[in-house]
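Before any comments, here is the structure.
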2 protein chains.
Amino acid sequence: MHDIRKIDVMEGVLDENDHIAEHVNRHMTEHGVLVVNEMGAPGAGKTTSLRNIVKHLDVKPYVIEGDIESDIDTQALNSIGIETHQINTYGSCHLDAPMIEHMTGHISFNEPGILFIENIGNLVCPAEFSIGEHVMMLISTVTEGSDKPYKYPLAFEKADIILLSKVDLIPYLDFDEEFFMKGVRALNKDVPVFKVSGKTGEGYEEVARWLQNKAKELGSGE
Amino acid sequence: MHDIRKIDVMEGVLDENDHIAEHVNRHMTEHGVLVVNEMGAPGAGKTTSLRNIVKHLDVKPYVIEGDIESDIDTQALNSIGIETHQINTYGSCHLDAPMIEHMTGHISFNEPGILFIENIGNLVCPAEFSIGEHVMMLISTVTEGSDKPYKYPLAFEKADIILLSKVDLIPYLDFDEEFFMKGVRALNKDVPVFKVSGKTGEGYEEVARWLQNKAKELGSGE
């Protein structure tokens, strides 16, 4: 009983969410703005990755930061000149499409570009809720260990691009890259995986180029 | 509308959960078994910490491993002689009291000791659901960065003991311990914080002693 009730409500919520997510996606496509849903565990390096990707972009970046509480990352990004908007969920473990619809209604997308949406630090719940993205970008860090694809399969299955972050720390860890990649490939045969480091800056230029190509496809194709 | 419906259902689920959690707690107290709810982000070092704490215990350890999928950690713990039972949630982002009630009904607690329950790797949802624990043990790692108490306050507020893990990596990071501790103290004035490292083994003896004292209080007090 208990479980059936929960599932029924959940399905209704997901249907409603998907409907609004499609609307967000259409709206942003019309503006020529690629929407990137950035997911990762707490401390995976989501904000650091954003900051490093933006350095290499030749299209305009827009950023929405999702946090349960605090606006530490938004302050940091605004302070280096990246226009960033904050959503606080006050307890909720993921962003959802209605939150993004509401927020994008308040941002003026005056030129084409890329909207990065940094989701709540969580490898589970955000993977279940579309927020209107064109690209799901997953950040997984070497410090979390090489078994993450096996333990959190949905996030790895849904990813359109994976950043393996903090690779500068590999010498101090027992990270088994072969085991990690085997897990990734079992779930997601063709997803590109980029090794990056916020410390050395390596890898981010390639990520930026990949995203820019997606943004250009959006402009020409739809 | 949408939000009100979600909250109503959520409150009902939480009430029911708390009721069963109390039942689990009473049942385990009668057996002289201290229940430790181990929480932390993906890859924080939950299983590694378990393994290291158990080495220093002079009471019997029981372990329940919670994972969305896979039984990698259960296999690893059983292989070194720690009797471990697996719960797979297949999507659910946290353990709940009914799952634990069901599982503890199948374990024979033939002597007093400590039951470690490793929750799903997630800093958000597990903090909301009591599973009948006497002690909430939070693992936070230095690789996640020093801003975690500010971003995930509920977990830090509810913790009875905090392990700051992977401290051997501090020389390679920009971890600001003062900022971290300031955040912890703002939420949880007296919680003990132990620095630990799975690599060097440091800190775990003190954690084991702290838990053992709690287990003894349980035996004498209730």
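Each chain of the structure tokens is named A, B, ... in the order shown, its residues numbered from 1; ligands are numbered from 1 in display order.
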Residues of chain A within 10 Å of chain B, only C-alpha atoms counted, as number ranges by chain
A: 2-3, 5-6, 9-10, 12-13, 16, 40-45, 67-73, 90-94, 120-125, 128, 140-154, 166, 168-169, 172-174, 199
Would you mind writing down, as a list in words, each residue of region 123-152 of chain B that DSSP on the backbone assigns to alpha helix (DSSP H)?
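DSSP-assigned alpha helix (DSSP H) residues in region 123-152 of chain B: Lys148, Pro149, Tyr150 and Lys151 of chain B.
The interatomic distance for the pair CA of Leu34 (chain B) and CA of Ile117 (chain B) works out to 10.6 Å.
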Could you state the separation of CA of His31 (chain A) and CA of Gly105 (chain A) in Å, given to one decimal place?
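Pair CA of His31 (chain A) / CA of Gly105 (chain A) returns 12.3 Å.
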Using CA of Lys195 (chain B) and CA of Val167 (chain B) as the two end points, give the distance in Å to one decimal.
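Interatomic distance here is 6.5 Å.
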Got a sec to tell me which of chain B DSSP assigns to strand (DSSP E or B), as an MDAnalysis selection string?
chainID B and resid 33:40 60:67 84:88 113:118 135:141 161:165 193:195
Save out the residues we just selected, N, CA and C atoms, as a CSV table (one decimal), in the first residue's frame.
chain,number,residue,atom,x,y,z
B,33,VAL,N,22.2,-3.8,21.1
B,33,VAL,CA,23.0,-3.5,19.9
B,33,VAL,C,22.8,-2.0,19.6
B,34,LEU,N,23.9,-1.3,19.5
B,34,LEU,CA,23.9,0.1,19.1
B,34,LEU,C,23.8,0.3,17.6
B,35,VAL,N,22.8,1.1,17.2
B,35,VAL,CA,22.6,1.2,15.7
B,35,VAL,C,23.3,2.5,15.2
B,36,VAL,N,24.2,2.4,14.3
B,36,VAL,CA,24.9,3.5,13.7
B,36,VAL,C,24.5,3.7,12.3
B,37,ASN,N,23.9,4.9,12.0
B,37,ASN,CA,23.5,5.2,10.6
B,37,ASN,C,24.7,6.0,10.0
B,38,GLU,N,25.3,5.4,9.0
B,38,GLU,CA,26.5,6.0,8.4
B,38,GLU,C,26.1,6.7,7.1
B,39,MET,N,26.3,8.0,7.1
B,39,MET,CA,26.0,8.8,6.0
B,39,MET,C,27.2,9.5,5.3
B,40,GLY,N,27.1,9.7,4.1
B,40,GLY,CA,28.1,10.5,3.4
B,40,GLY,C,27.9,10.5,1.9
B,60,LYS,N,31.0,-7.1,19.1
B,60,LYS,CA,30.7,-7.7,17.8
B,60,LYS,C,30.1,-6.6,16.8
B,61,PRO,N,30.7,-6.6,15.6
B,61,PRO,CA,30.1,-5.7,14.6
B,61,PRO,C,29.1,-6.5,13.7
B,62,TYR,N,28.0,-5.8,13.4
B,62,TYR,CA,27.0,-6.3,12.4
B,62,TYR,C,26.9,-5.2,11.3
B,63,VAL,N,26.8,-5.6,10.1
B,63,VAL,CA,26.8,-4.5,9.0
B,63,VAL,C,25.6,-4.8,8.1
B,64,ILE,N,24.9,-3.7,7.8
B,64,ILE,CA,23.9,-3.7,6.7
B,64,ILE,C,24.5,-2.6,5.7
B,65,GLU,N,24.6,-3.1,4.4
B,65,GLU,CA,25.1,-2.2,3.3
B,65,GLU,C,23.9,-1.7,2.5
B,66,GLY,N,23.7,-0.4,2.3
B,66,GLY,CA,22.7,0.1,1.5
B,66,GLY,C,23.3,0.6,0.2
B,67,ASP,N,22.8,0.1,-0.9
B,67,ASP,CA,23.2,0.6,-2.3
B,67,ASP,C,22.0,0.6,-3.2
B,84,THR,N,28.0,-9.3,6.6
B,84,THR,CA,27.4,-8.1,6.0
B,84,THR,C,26.2,-8.5,5.2
B,85,HIS,N,25.1,-7.7,5.4
B,85,HIS,CA,23.9,-8.0,4.7
B,85,HIS,C,23.6,-6.8,3.7
B,86,GLN,N,23.1,-7.1,2.6
B,86,GLN,CA,22.9,-6.1,1.5
B,86,GLN,C,21.4,-5.7,1.4
B,87,ILE,N,21.2,-4.4,1.3
B,87,ILE,CA,19.9,-3.9,0.8
B,87,ILE,C,20.1,-3.1,-0.4
B,88,ASN,N,19.4,-3.5,-1.5
B,88,ASN,CA,19.5,-2.7,-2.8
B,88,ASN,C,18.2,-2.0,-2.9
B,113,GLY,N,26.5,-5.7,20.6
B,113,GLY,CA,27.5,-5.2,19.7
B,113,GLY,C,27.0,-3.9,19.1
B,114,ILE,N,27.6,-3.7,17.9
B,114,ILE,CA,27.2,-2.4,17.1
B,114,ILE,C,26.8,-2.8,15.7
B,115,LEU,N,25.6,-2.3,15.3
B,115,LEU,CA,25.1,-2.5,14.0
B,115,LEU,C,25.4,-1.3,13.1
B,116,PHE,N,26.3,-1.4,12.2
B,116,PHE,CA,26.6,-0.3,11.3
B,116,PHE,C,25.7,-0.4,10.0
B,117,ILE,N,25.0,0.6,9.7
B,117,ILE,CA,24.1,0.6,8.5
B,117,ILE,C,24.7,1.7,7.6
B,118,GLU,N,25.3,1.2,6.5
B,118,GLU,CA,25.8,2.2,5.5
B,118,GLU,C,24.7,2.6,4.6
B,135,VAL,N,23.0,6.5,16.8
B,135,VAL,CA,24.1,7.4,16.4
B,135,VAL,C,24.0,7.7,14.9
B,136,MET,N,24.0,8.9,14.6
B,136,MET,CA,24.2,9.3,13.2
B,136,MET,C,25.6,9.7,13.0
B,137,MET,N,26.3,8.9,12.1
B,137,MET,CA,27.8,9.2,11.9
B,137,MET,C,27.9,9.7,10.5
B,138,LEU,N,28.4,10.9,10.4
B,138,LEU,CA,28.6,11.6,9.1
B,138,LEU,C,30.0,11.5,8.6
B,139,ILE,N,30.3,11.0,7.4
B,139,ILE,CA,31.6,11.1,6.8
B,139,ILE,C,31.7,12.2,5.8
B,140,SER,N,32.6,13.1,6.0
B,140,SER,CA,32.8,14.2,5.1
B,140,SER,C,34.2,14.2,4.7
B,141,THR,N,34.5,14.3,3.4
B,141,THR,CA,35.9,14.2,3.0
B,141,THR,C,36.6,15.5,2.6
B,161,ILE,N,28.3,12.3,15.4
B,161,ILE,CA,29.8,12.2,15.3
B,161,ILE,C,30.1,12.5,13.8
B,162,ILE,N,31.2,13.2,13.6
B,162,ILE,CA,31.6,13.5,12.2
B,162,ILE,C,33.0,13.0,12.0
B,163,LEU,N,33.2,12.3,10.9
B,163,LEU,CA,34.6,11.8,10.5
B,163,LEU,C,35.0,12.7,9.3
B,164,LEU,N,36.1,13.4,9.5
B,164,LEU,CA,36.7,14.1,8.3
B,164,LEU,C,37.7,13.2,7.7
B,165,SER,N,37.4,12.7,6.5
B,165,SER,CA,38.1,11.6,6.0
B,165,SER,C,39.1,12.0,4.9
B,193,VAL,N,34.5,15.8,16.2
B,193,VAL,CA,35.0,15.7,14.8
B,193,VAL,C,36.3,14.9,14.8
B,194,PHE,N,36.4,13.8,14.2
B,194,PHE,CA,37.6,13.0,14.2
B,194,PHE,C,38.2,13.1,12.8
B,195,LYS,N,39.5,13.4,12.7
B,195,LYS,CA,40.2,13.3,11.4
B,195,LYS,C,40.7,11.9,11.2
Pick from B:Leu77, B:Arg51, B:His102, B:Lys46, whichever lies nearest to His23 (chain B) using only C-alpha atoms
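Between B:Leu77, B:Arg51, B:His102, B:Lys46, the residue approaching His23 (chain B) most closely is B:His102.
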Restricting the calculation to only C-alpha atoms: of A:Ser108, A:Asn188, A:Glu133, A:Met181, which residue gets closest to Lys158 (chain A)?
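Closest to Lys158 (chain A) of all the choices is A:Asn188.
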